[in-house]
Amino acid sequence: MRDLRNIVEQMSIKDKMAEITQLCGSGYGEDENVFMGIDYQFELAQHMVDNVGSVLGISGAGRVKAIQKKHLETSAHKIPLLFMHDIIHGYKTIFPSPLAMSCTWQPGLVKVSAEIAAKEAAVSGLHLTFSPMCDLARDARWGRVVETSGEDVYLNALYAKAYVEGYQGNDVSSRYKIASCLKHFAAYGIAEGGRDYHTTEASEYSLREYHFPAYKAAVDAGAKMVMTSFNALNGIPSTGNQWLFQDVLRKEWGFAGTVISDCTAIVELIHHGFAADEAEAAKKAIDAGVDIEMVSNTYYNHVQRLIENGKLTEAQIDEAVYRVLVMKEELGLFDNPYKDADEGLEKQYVLCDSHRQAAREIARESMVLLKNDGVLPLEKNAEKIALLGPFADSRQMLDSWSVCGEEKDCITLKEAFLEKTDIKCVSAPGIMKYEETRIEEAVKLAESSDVIILALGEDPLMSGESNSRMDIALPGYQELFAERIFSLGKSVIVVLYNGRPLAIPNIAKKASAVLEAWFPGTEGNRAVCDVLLGDHSPGGRLTMSFPYAVGQCPIYYDRYSSGRPAKDVYHSDRFSLRYMDGQSVPLYPFGYGLTYTQFKYGDVILSKHLMKKNETIMASCVIKNVGERQGTETVQLYLRDMAGSLVRPIRMLKGFERVTLKEGEEREVRFMIGEEMLKFHTLETGFAAEQGKFRVYIARDASVEEYAEFEFFY
Ligand code: NOJ
């Protein structure tokens with residue numbers, strides 16, 4: 001490794017401050033390689049622009065190379081720029097949203113998507129992506145649930161690891177690899193009221209049990225960078241939180257990479273009421289261990305004075321600069337500042353057939369069949385299909401975090417049907433606004449068609465950053481429109497395009513089939529057709545519970561038990577954990593999803609009912625395909641600790657296995673239960689298993705009641 005400490009020594013304080021500042025790429029004019037200024041309200045010194053360490057949000061091999069070349073001419077120490085971007089679920093070949101991909105229950109597929117995203121991004125000049133998002137999400141009002149892997153701790157950690165491995169491989173300097181920045185540390189997913197940027201409160205117990213595991217998994221997988229979160233956590237904004245970054249991240253977890261603030265989060269310490277002015281904000285962020293400031297420039301403007309006044313030491317700054325240089329060295333940028341940027345390869349790989357094919361396969365696996373009265377799969381000899389609703393002939397298949405993806409590269413549901421079948425497809429325009437004549441036009445089409453498909457959902461800009469909703473029903477007049485179509489008394493298939501769980505009890509009741517397609521990406525509608533026509537059997541399982549009503553949010557399966565559960569022996573249901581005016585259980589639980597065949601579960605069998613420390617128990621269950629076609633079942637293992645020194649969740653996912661069975665075939669599915677699975681963050685003995693009774697569920701989803709029990713003892 002080259003002598004990076006020596007480079008740091010050569011740098012002036014101003015050079016150092018520029019190195020740990022990140023410029024917003026929108027400041028570079030479209031075809032220019034010079035910085036023209038940005039639309040944020042910050043004044044930028046020319047010296048800072050000339051010596052800045054990294055840029056956010058620019059891509060394209062030619063453009064990146066031109067900017068890099070210019071930068072190497074202006075940078076006092078010839079330090080290459082680092083190009084970062086939000087490549088969240090694909091670069092131009094867009095995969096389904098992360099929430100959708102999590103419904104595959106196949107981290108291997110997520111890894112493939114990340115490898116492809118990295119390859120397209122790398123040849124287009126990028127060095128680092130702000131992904132994975134490891135925030136645990138339990139409140140469907142929060143728009144950013146679309147970027148998460150759902151509500152479960154165990155799955156969330158598996159996916160975090162898969163993303164990092166996919167982007168980085170074993171060595172970020174190797175071809176087509178980019179560095180990964182996990183975000184947003186920490187607990188950003190529990191913004192109060194589901195309102196983005198809002199405050200969060202969580203006990204250390206629940207942070208360690210529920211929220212930390214996925215961030216830790218990404219750190220253990222070698223993620224090079226960590227981003228702070230916008231929220232204040234237990235009274236201290238993350239971007240100034242020494243406990244989070246110094247104690248937990250660096251000391252406890254041994255993270256040696258770089259920490260970056262979220263966009264302008266350092267100046268936001270003032271709005272939080274945690275810093276009186278920009279100088280204090282900069283000091284608090286540096287003290288917390290935030291190496292790079294994204295977009296705002298309190299570091300550049302104030303750190304020199306803070307050092308002169310003895311409020312910060314130059315050694316603190318040197319450490320931050322050094323870490324940034326290490327990342328550049330690890331990416332190989334000192335040897336080749338252009339890394340994989342290559343116009344030829346960009347043409348060859350971006351949106352190439354094999355990437356599109358992978359996107360189609362992953363999209364098929366991510367869709368969740370929520371209901372099916374037997375209308376699906378569709379008969380291929382249907383003569384006429386009425387495709388109705390806002391998504392029937394729409395290219396809006398990309399969620400709001402598909403920054404480099406383009407709708408023009410997607411096809412519509414109608415086009416996908418026409419491409420694949422001879423069925424006559426007629427579509428009527430969408431009903432987001434109330435347009436009576438259009439509704440009647442749609443009704444006429446529906447009346448004269450063999451099959452009716454209602455393609456409903458949310459606009460892509462209704463989920464994602466800052467897109468929180470206080471009502472999570474279908475927006476606009478879609479419910480009303482659906483009601484009109486249901487009233488025809490014909491069988492109706494609903495396909496949903498959305499970024500969050502929706503409260504759709506009426507649709508669930510009246511539709512003959514409901515397919516949750518999410519925002520399925522570039523190849524999404526080809527995948528929808530594959531599923532509707534039975535060329536692919538749906539196998540996705542929900543990773544977030546769907547409520548009946550928004551008032552149930554946050555609703556998630558692994559909650560702590562109440563002293564007054566439903567069906568309690570001591571109390572009538574009147575005085576139990578419930579809502580008096582609606583359901584307490586979800587409309588569709590975590591883990592739920594149908595396919596085109598049915599499976600029957602036998603009893604849960606345990607190899608023994610006493611388990612001593614260091615022993616294991618085998619839990620098994622015979623699963624039989626009792627339907628008429630081959631299918632894949634996601635068999636889920638849940639455990640419940642019946643009594644502990646702290647209250648424990650009513651069940652927690654501990655494993656799962658996907659089994660493919662032919663019609664009539666059965667198989668015994670086995671799980672080994674060891675002490676590790678019983679451990680939690682106790683107050684007295686640290687991460688440990690406590691003696692007592694445990695319940696074992698082997699089930700199709702988190703709502704199943706049948707279980708077996710064993711006793712654990714030392
Ligand atoms: C703000 C978002 O919170 C974060 O997720 C994203 O990576 C940055 N902006 C950069 O675009």
# chains A, B, ... in the order shown; residues from 1 in each chain; ligands from 1
>>> residues_near_ligand(ligand="ligand 1", cutoff="6 Å", atoms="only C-alpha atoms and all ligand atoms", output="MDAnalysis selection string")
chainID A and resid 86 130 262:263
>>> write_last_selection(atoms="N, CA, C and O atoms", output="short mmCIF file (atom, residue, chain, number, x, y, z; two decimals), in the first residue's frame")
data_model
loop_
_atom_site.label_atom_id
_atom_site.label_comp_id
_atom_site.auth_asym_id
_atom_site.auth_seq_id
_atom_site.Cartn_x
_atom_site.Cartn_y
_atom_site.Cartn_z
N ASP A 86 -26.77 6.52 -5.72
CA ASP A 86 -27.78 5.63 -5.14
C ASP A 86 -28.20 4.58 -6.18
O ASP A 86 -29.16 4.76 -6.91
N PHE A 130 -24.84 3.75 -2.38
CA PHE A 130 -25.44 3.93 -1.05
C PHE A 130 -26.48 2.83 -0.81
O PHE A 130 -27.68 3.09 -0.74
N ASP A 262 -25.64 11.54 6.22
CA ASP A 262 -26.65 11.58 5.16
C ASP A 262 -26.66 13.02 4.62
O ASP A 262 -26.00 13.93 5.16
N CYS A 263 -27.40 13.23 3.55
CA CYS A 263 -27.37 14.48 2.81
C CYS A 263 -27.74 15.68 3.70
O CYS A 263 -28.87 15.74 4.20
#
>>> residues_around(residues="A:Met367", least_positions_apart="6", cutoff="10 Å", atoms="only C-alpha atoms", output="list in words")
Pro96, Ala100, Met101, Cys103, Thr104, Val495, Leu496, Leu515, Glu516, Ala517, Trp518, Phe519, Pro520, Gly524, Ala527, Val528, Val531, Ser537, Pro538, Gly539, Gly540, Arg541, Leu542 and Gly593 of chain A
>>> atom_distance(atom1="atom CA of A:Leu639", atom2="atom CA of A:Pro132")
27.4 Å
>>> closest_residue(among="A:Ala386, A:Val585, A:Met294, A:Ala442", to="A:Val426", atoms="only C-alpha atoms")
A:Ala386
>>> closest_residue(among="A:Gly464, A:Pro390, A:Gly125, A:Pro213", to="A:Leu158", atoms="only C-alpha atoms")
A:Pro213
>>> atom_distance(atom1="atom CA of A:Arg700", atom2="atom CA of A:Cys134")
25.2 Å
>>> closest_residue(among="A:Ala218, A:Leu370, A:Met580, A:Leu606", to="A:Ile493", atoms="only C-alpha atoms")
A:Leu370
>>> closest_atom_pairs(of="stretch 141-217 of chain A", to="stretch 111-114 of chain A", cutoff="10 Å", atoms="only C-alpha atoms", output="Markdown table")
| residue | atom | partner | partner_atom | distance |
| --- | --- | --- | --- | --- |
| A:Tyr159 | CA | A:Lys111 | CA | 8.2 |
| A:Ala160 | CA | A:Lys111 | CA | 9.5 |
| A:Lys161 | CA | A:Lys111 | CA | 8.5 |
| A:Ala162 | CA | A:Lys111 | CA | 4.8 |
| A:Tyr163 | CA | A:Lys111 | CA | 5.3 |
| A:Val164 | CA | A:Ala114 | CA | 7.9 |
| A:Glu165 | CA | A:Lys111 | CA | 6.7 |
| A:Gly166 | CA | A:Lys111 | CA | 4.5 |
| A:Tyr167 | CA | A:Ala114 | CA | 5.3 |
| A:Gln168 | CA | A:Ala114 | CA | 8.9 |
| A:Gly169 | CA | A:Lys111 | CA | 9.8 |
| A:Lys177 | CA | A:Ala114 | CA | 9.7 |
| A:Ile178 | CA | A:Ala114 | CA | 9.9 |
>>> write_last_selection(atoms="N, CA, C and O atoms", output="tab-separated table (two decimals), in the first residue's frame")
chain	number	residue	atom	x	y	z
A	159	TYR	N	-30.35	-10.50	3.91
A	159	TYR	CA	-30.34	-9.68	2.69
A	159	TYR	C	-29.22	-8.64	2.73
A	159	TYR	O	-28.58	-8.37	1.71
A	160	ALA	N	-28.98	-8.06	3.90
A	160	ALA	CA	-27.93	-7.05	4.02
A	160	ALA	C	-26.60	-7.65	3.55
A	160	ALA	O	-25.85	-7.05	2.76
A	161	LYS	N	-26.33	-8.84	4.01
A	161	LYS	CA	-25.08	-9.53	3.65
A	161	LYS	C	-25.05	-9.80	2.14
A	161	LYS	O	-24.03	-9.58	1.47
A	162	ALA	N	-26.18	-10.25	1.60
A	162	ALA	CA	-26.22	-10.59	0.18
A	162	ALA	C	-25.94	-9.37	-0.70
A	162	ALA	O	-25.19	-9.46	-1.69
A	163	TYR	N	-26.50	-8.24	-0.33
A	163	TYR	CA	-26.25	-7.02	-1.12
A	163	TYR	C	-24.75	-6.69	-1.10
A	163	TYR	O	-24.14	-6.42	-2.14
A	164	VAL	N	-24.17	-6.68	0.10
A	164	VAL	CA	-22.77	-6.28	0.21
A	164	VAL	C	-21.89	-7.24	-0.61
A	164	VAL	O	-21.02	-6.81	-1.38
A	165	GLU	N	-22.14	-8.51	-0.46
A	165	GLU	CA	-21.32	-9.49	-1.20
A	165	GLU	C	-21.48	-9.31	-2.71
A	165	GLU	O	-20.52	-9.45	-3.47
A	166	GLY	N	-22.71	-9.02	-3.12
A	166	GLY	CA	-22.95	-8.83	-4.56
A	166	GLY	C	-22.22	-7.62	-5.11
A	166	GLY	O	-21.60	-7.68	-6.17
A	167	TYR	N	-22.25	-6.51	-4.40
A	167	TYR	CA	-21.59	-5.30	-4.89
A	167	TYR	C	-20.07	-5.42	-4.85
A	167	TYR	O	-19.38	-5.04	-5.77
A	168	GLN	N	-19.59	-5.92	-3.74
A	168	GLN	CA	-18.14	-5.82	-3.49
A	168	GLN	C	-17.33	-7.06	-3.90
A	168	GLN	O	-16.12	-6.94	-4.11
A	169	GLY	N	-17.97	-8.23	-3.96
A	169	GLY	CA	-17.20	-9.45	-4.18
A	169	GLY	C	-16.17	-9.60	-3.09
A	169	GLY	O	-16.37	-9.13	-1.96
A	177	LYS	N	-16.61	-4.34	-9.68
A	177	LYS	CA	-17.05	-4.30	-8.29
A	177	LYS	C	-17.09	-2.86	-7.82
A	177	LYS	O	-16.27	-2.03	-8.26
A	178	ILE	N	-18.01	-2.57	-6.96
A	178	ILE	CA	-18.09	-1.24	-6.37
A	178	ILE	C	-18.20	-1.40	-4.86
A	178	ILE	O	-18.59	-2.46	-4.37
>>> select_by_dssp(residues="stretch 166-254 of chain A", states="helix (DSSP H, G or I)", output="PyMOL selection string")
chain A and resi 166-168+188-190+192-194+204-220+238-240+242-252
>>> closest_residue(among="A:Gly254, A:Gly90, A:Gly686, A:Gly289", to="A:Glu523", atoms="only C-alpha atoms")
A:Gly90
>>> select_by_dssp(residues="stretch 32-176 of chain A", states="strand (DSSP E or B)", output="list in words")
Phe35, Ser54, Val55, Leu56, Leu82, Phe83, Met84, His85, Leu128, Thr129 and Met133 of chain A
>>> write_last_selection(atoms="N, CA and C atoms", output="compact mmCIF listing (two decimals), in the first residue's frame")
# COMPACT_ATOMS: atom_id res chain seq x y z
N PHE A 35 -17.53 22.50 -12.45
CA PHE A 35 -18.59 22.67 -11.47
C PHE A 35 -19.24 24.03 -11.65
N SER A 54 -15.15 13.71 -2.98
CA SER A 54 -16.09 12.80 -3.64
C SER A 54 -17.28 13.57 -4.19
N VAL A 55 -17.96 12.93 -5.11
CA VAL A 55 -19.12 13.54 -5.76
C VAL A 55 -20.29 12.56 -5.69
N LEU A 56 -21.46 13.12 -5.52
CA LEU A 56 -22.67 12.31 -5.40
C LEU A 56 -23.55 12.48 -6.63
N LEU A 82 -13.84 10.32 -5.84
CA LEU A 82 -14.62 9.10 -5.67
C LEU A 82 -16.06 9.41 -6.10
N PHE A 83 -16.60 8.62 -7.01
CA PHE A 83 -17.96 8.85 -7.51
C PHE A 83 -18.94 7.91 -6.83
N MET A 84 -19.89 8.50 -6.13
CA MET A 84 -20.87 7.71 -5.40
C MET A 84 -22.27 7.98 -5.95
N HIS A 85 -23.16 7.01 -5.77
CA HIS A 85 -24.53 7.19 -6.28
C HIS A 85 -25.48 6.24 -5.57
N LEU A 128 -19.00 3.61 -5.80
CA LEU A 128 -19.64 3.24 -4.54
C LEU A 128 -21.15 3.46 -4.64
N THR A 129 -21.90 2.55 -4.04
CA THR A 129 -23.35 2.74 -3.99
C THR A 129 -23.83 2.89 -2.55
N MET A 133 -29.85 -0.64 2.29
CA MET A 133 -30.57 0.01 3.38
C MET A 133 -30.95 -1.10 4.36
>>> closest_atom_pairs(of="stretch 626-703 of chain A", to="stretch 562-576 of chain A", cutoff="12 Å", atoms="only C-alpha atoms", output="CSV")
residue,atom,partner,partner_atom,distance
A:Val647,CA,A:Ser562,CA,9.2
A:Arg648,CA,A:Ser562,CA,10.2
A:Pro649,CA,A:Ser562,CA,9.8
A:Ile650,CA,A:Ser562,CA,9.2
>>> residues_around(residues="stretch 322-326 of chain A", least_positions_apart="3", cutoff="9 Å", atoms="only C-alpha atoms", output="list of chain:residue names")
A:Leu4, A:Arg5, A:Ile7, A:Val8, A:Glu19, A:Ile20, A:Gly53, A:Ile79, A:Ala256, A:Gly257, A:Thr258, A:Val259, A:Asp291, A:Ile292, A:Ile317, A:Asp318, A:Glu319, A:Glu329, A:Glu330, A:Leu331
>>> residues_around(residues="A:Ser75", least_positions_apart="4", cutoff="9 Å", atoms="only C-alpha atoms", output="VMD selection string")
chain A and resid 15 47 50 to 52 70 to 71 79 to 80
>>> residues_around(residues="A:Val49", least_positions_apart="6", cutoff="12 Å", atoms="only C-alpha atoms", output="PyMOL selection string")
chain A and resi 14-15+17-25+27-28+33-38+43+55+67+70-72+74-76+81+295+297+300
>>> write_last_selection(atoms="C-alpha atoms", output="mmCIF file, in the first residue's frame")
data_model
loop_
_atom_site.group_PDB
_atom_site.id
_atom_site.type_symbol
_atom_site.label_atom_id
_atom_site.label_comp_id
_atom_site.auth_asym_id
_atom_site.auth_seq_id
_atom_site.Cartn_x
_atom_site.Cartn_y
_atom_site.Cartn_z
ATOM 1 C CA LYS A 14 -8.179 23.347 3.813
ATOM 2 C CA ASP A 15 -7.091 20.511 1.501
ATOM 3 C CA MET A 17 -11.465 19.654 4.677
ATOM 4 C CA ALA A 18 -12.153 19.499 0.948
ATOM 5 C CA GLU A 19 -11.153 15.842 0.909
ATOM 6 C CA ILE A 20 -13.776 14.997 3.512
ATOM 7 C CA THR A 21 -16.537 16.949 1.785
ATOM 8 C CA GLN A 22 -18.873 15.500 -0.804
ATOM 9 C CA LEU A 23 -20.180 17.667 -3.624
ATOM 10 C CA CYS A 24 -23.627 17.276 -5.073
ATOM 11 C CA GLY A 25 -23.190 16.196 -8.692
ATOM 12 C CA GLY A 27 -23.669 21.175 -9.747
ATOM 13 C CA TYR A 28 -21.861 19.911 -12.818
ATOM 14 C CA ASN A 33 -16.777 18.745 -16.587
ATOM 15 C CA VAL A 34 -16.590 21.907 -14.557
ATOM 16 C CA PHE A 35 -18.593 22.675 -11.472
ATOM 17 C CA MET A 36 -21.271 25.270 -12.135
ATOM 18 C CA GLY A 37 -22.845 25.586 -8.672
ATOM 19 C CA ILE A 38 -25.697 23.794 -7.001
ATOM 20 C CA GLU A 43 -21.674 28.894 -0.992
ATOM 21 C CA VAL A 55 -19.122 13.538 -5.761
ATOM 22 C CA ILE A 67 -14.642 15.168 -14.629
ATOM 23 C CA LYS A 70 -10.158 17.747 -14.927
ATOM 24 C CA HIS A 71 -10.087 17.071 -11.212
ATOM 25 C CA LEU A 72 -6.648 15.497 -11.345
ATOM 26 C CA THR A 74 -6.901 20.927 -10.149
ATOM 27 C CA SER A 75 -6.348 18.712 -7.107
ATOM 28 C CA ALA A 76 -3.281 19.943 -5.222
ATOM 29 C CA LEU A 81 -12.296 11.774 -6.955
ATOM 30 C CA VAL A 295 -23.434 18.171 0.417
ATOM 31 C CA ASN A 297 -20.049 22.297 4.126
ATOM 32 C CA TYR A 300 -14.884 23.114 5.116
#
>>> atom_distance(atom1="atom CA of A:Glu361", atom2="atom CA of A:Gly108")
12.5 Å
>>> residues_around(residues="A:Glu458", least_positions_apart="6", cutoff="9 Å", atoms="only C-alpha atoms", output="list in words")
Leu474, Pro475, Leu496, Tyr497, Asn498, Gly499 and Arg500 of chain A
>>> residues_around(residues="A:Ser261", least_positions_apart="6", cutoff="12 Å", atoms="only C-alpha atoms", output="JSON, numbers by chain")
{"A": [20, 21, 22, 130, 181, 182, 183, 184, 185, 186, 225, 226, 227, 228, 229, 230, 231, 237, 238, 239, 240, 241, 245, 267, 268, 269, 281, 282, 284, 285, 286, 288, 289, 290, 291, 292, 293, 294, 295, 296, 297, 298, 299]}
>>> decode(residues="stretch 363-392 of chain A", atoms="N, CA and C atoms", output="compact mmCIF listing (two decimals), in the first residue's frame")
# COMPACT_ATOMS: atom_id res chain seq x y z
N ALA A 363 -38.06 -10.68 -10.82
CA ALA A 363 -39.38 -10.05 -10.66
C ALA A 363 -40.45 -11.14 -10.47
N ARG A 364 -40.34 -12.20 -11.24
CA ARG A 364 -41.34 -13.30 -11.10
C ARG A 364 -41.32 -13.88 -9.71
N GLU A 365 -40.10 -14.00 -9.17
CA GLU A 365 -39.96 -14.62 -7.84
C GLU A 365 -40.42 -13.68 -6.72
N SER A 366 -40.50 -12.39 -7.02
CA SER A 366 -40.80 -11.45 -5.94
C SER A 366 -42.30 -11.19 -5.80
N MET A 367 -43.08 -11.65 -6.76
CA MET A 367 -44.53 -11.36 -6.70
C MET A 367 -45.23 -12.28 -5.71
N VAL A 368 -46.21 -11.72 -5.02
CA VAL A 368 -46.90 -12.50 -3.99
C VAL A 368 -48.37 -12.66 -4.38
N LEU A 369 -48.80 -13.89 -4.51
CA LEU A 369 -50.20 -14.16 -4.82
C LEU A 369 -50.97 -14.11 -3.50
N LEU A 370 -51.81 -13.09 -3.37
CA LEU A 370 -52.50 -12.88 -2.09
C LEU A 370 -53.84 -13.61 -2.04
N LYS A 371 -54.44 -13.81 -3.20
CA LYS A 371 -55.74 -14.49 -3.22
C LYS A 371 -55.90 -15.16 -4.57
N ASN A 372 -56.58 -16.30 -4.58
CA ASN A 372 -56.88 -16.96 -5.85
C ASN A 372 -58.04 -17.91 -5.65
N ASP A 373 -59.18 -17.55 -6.23
CA ASP A 373 -60.36 -18.43 -6.16
C ASP A 373 -60.28 -19.53 -7.19
N GLY A 374 -59.21 -19.57 -7.95
CA GLY A 374 -59.08 -20.58 -8.99
C GLY A 374 -59.08 -19.96 -10.38
N VAL A 375 -59.22 -18.63 -10.48
CA VAL A 375 -59.19 -17.99 -11.81
C VAL A 375 -57.78 -17.98 -12.40
N LEU A 376 -56.80 -18.03 -11.54
CA LEU A 376 -55.41 -18.03 -12.03
C LEU A 376 -54.84 -19.43 -11.90
N PRO A 377 -53.96 -19.85 -12.78
CA PRO A 377 -53.50 -19.10 -13.96
C PRO A 377 -54.59 -18.96 -15.01
N LEU A 378 -54.42 -17.94 -15.84
CA LEU A 378 -55.41 -17.66 -16.88
C LEU A 378 -55.42 -18.73 -17.96
N GLU A 379 -56.57 -18.97 -18.49
CA GLU A 379 -56.68 -19.86 -19.66
C GLU A 379 -56.04 -19.14 -20.84
N LYS A 380 -55.17 -19.83 -21.54
CA LYS A 380 -54.54 -19.13 -22.68
C LYS A 380 -55.52 -18.98 -23.86
N ASN A 381 -56.66 -19.72 -23.78
CA ASN A 381 -57.59 -19.57 -24.90
C ASN A 381 -58.68 -18.53 -24.65
N ALA A 382 -58.47 -17.71 -23.60
CA ALA A 382 -59.42 -16.61 -23.40
C ALA A 382 -59.39 -15.75 -24.67
N GLU A 383 -60.53 -15.18 -25.03
CA GLU A 383 -60.53 -14.42 -26.28
C GLU A 383 -60.23 -12.94 -26.09
N LYS A 384 -60.76 -12.44 -25.02
CA LYS A 384 -60.59 -10.99 -24.85
C LYS A 384 -60.35 -10.66 -23.38
N ILE A 385 -59.29 -9.91 -23.14
CA ILE A 385 -59.00 -9.48 -21.77
C ILE A 385 -59.21 -7.97 -21.68
N ALA A 386 -59.96 -7.57 -20.66
CA ALA A 386 -60.08 -6.12 -20.41
C ALA A 386 -59.04 -5.76 -19.37
N LEU A 387 -58.11 -4.92 -19.76
CA LEU A 387 -57.08 -4.44 -18.82
C LEU A 387 -57.47 -3.04 -18.38
N LEU A 388 -57.78 -2.91 -17.12
CA LEU A 388 -58.33 -1.64 -16.66
C LEU A 388 -57.51 -1.07 -15.51
N GLY A 389 -57.61 0.23 -15.34
CA GLY A 389 -56.94 0.86 -14.19
C GLY A 389 -55.67 1.57 -14.58
N PRO A 390 -55.12 2.37 -13.65
CA PRO A 390 -53.99 3.25 -13.98
C PRO A 390 -52.72 2.53 -14.43
N PHE A 391 -52.57 1.25 -14.11
CA PHE A 391 -51.33 0.58 -14.49
C PHE A 391 -51.52 -0.40 -15.66
N ALA A 392 -52.70 -0.36 -16.31
CA ALA A 392 -52.96 -1.31 -17.38
C ALA A 392 -52.07 -1.07 -18.59
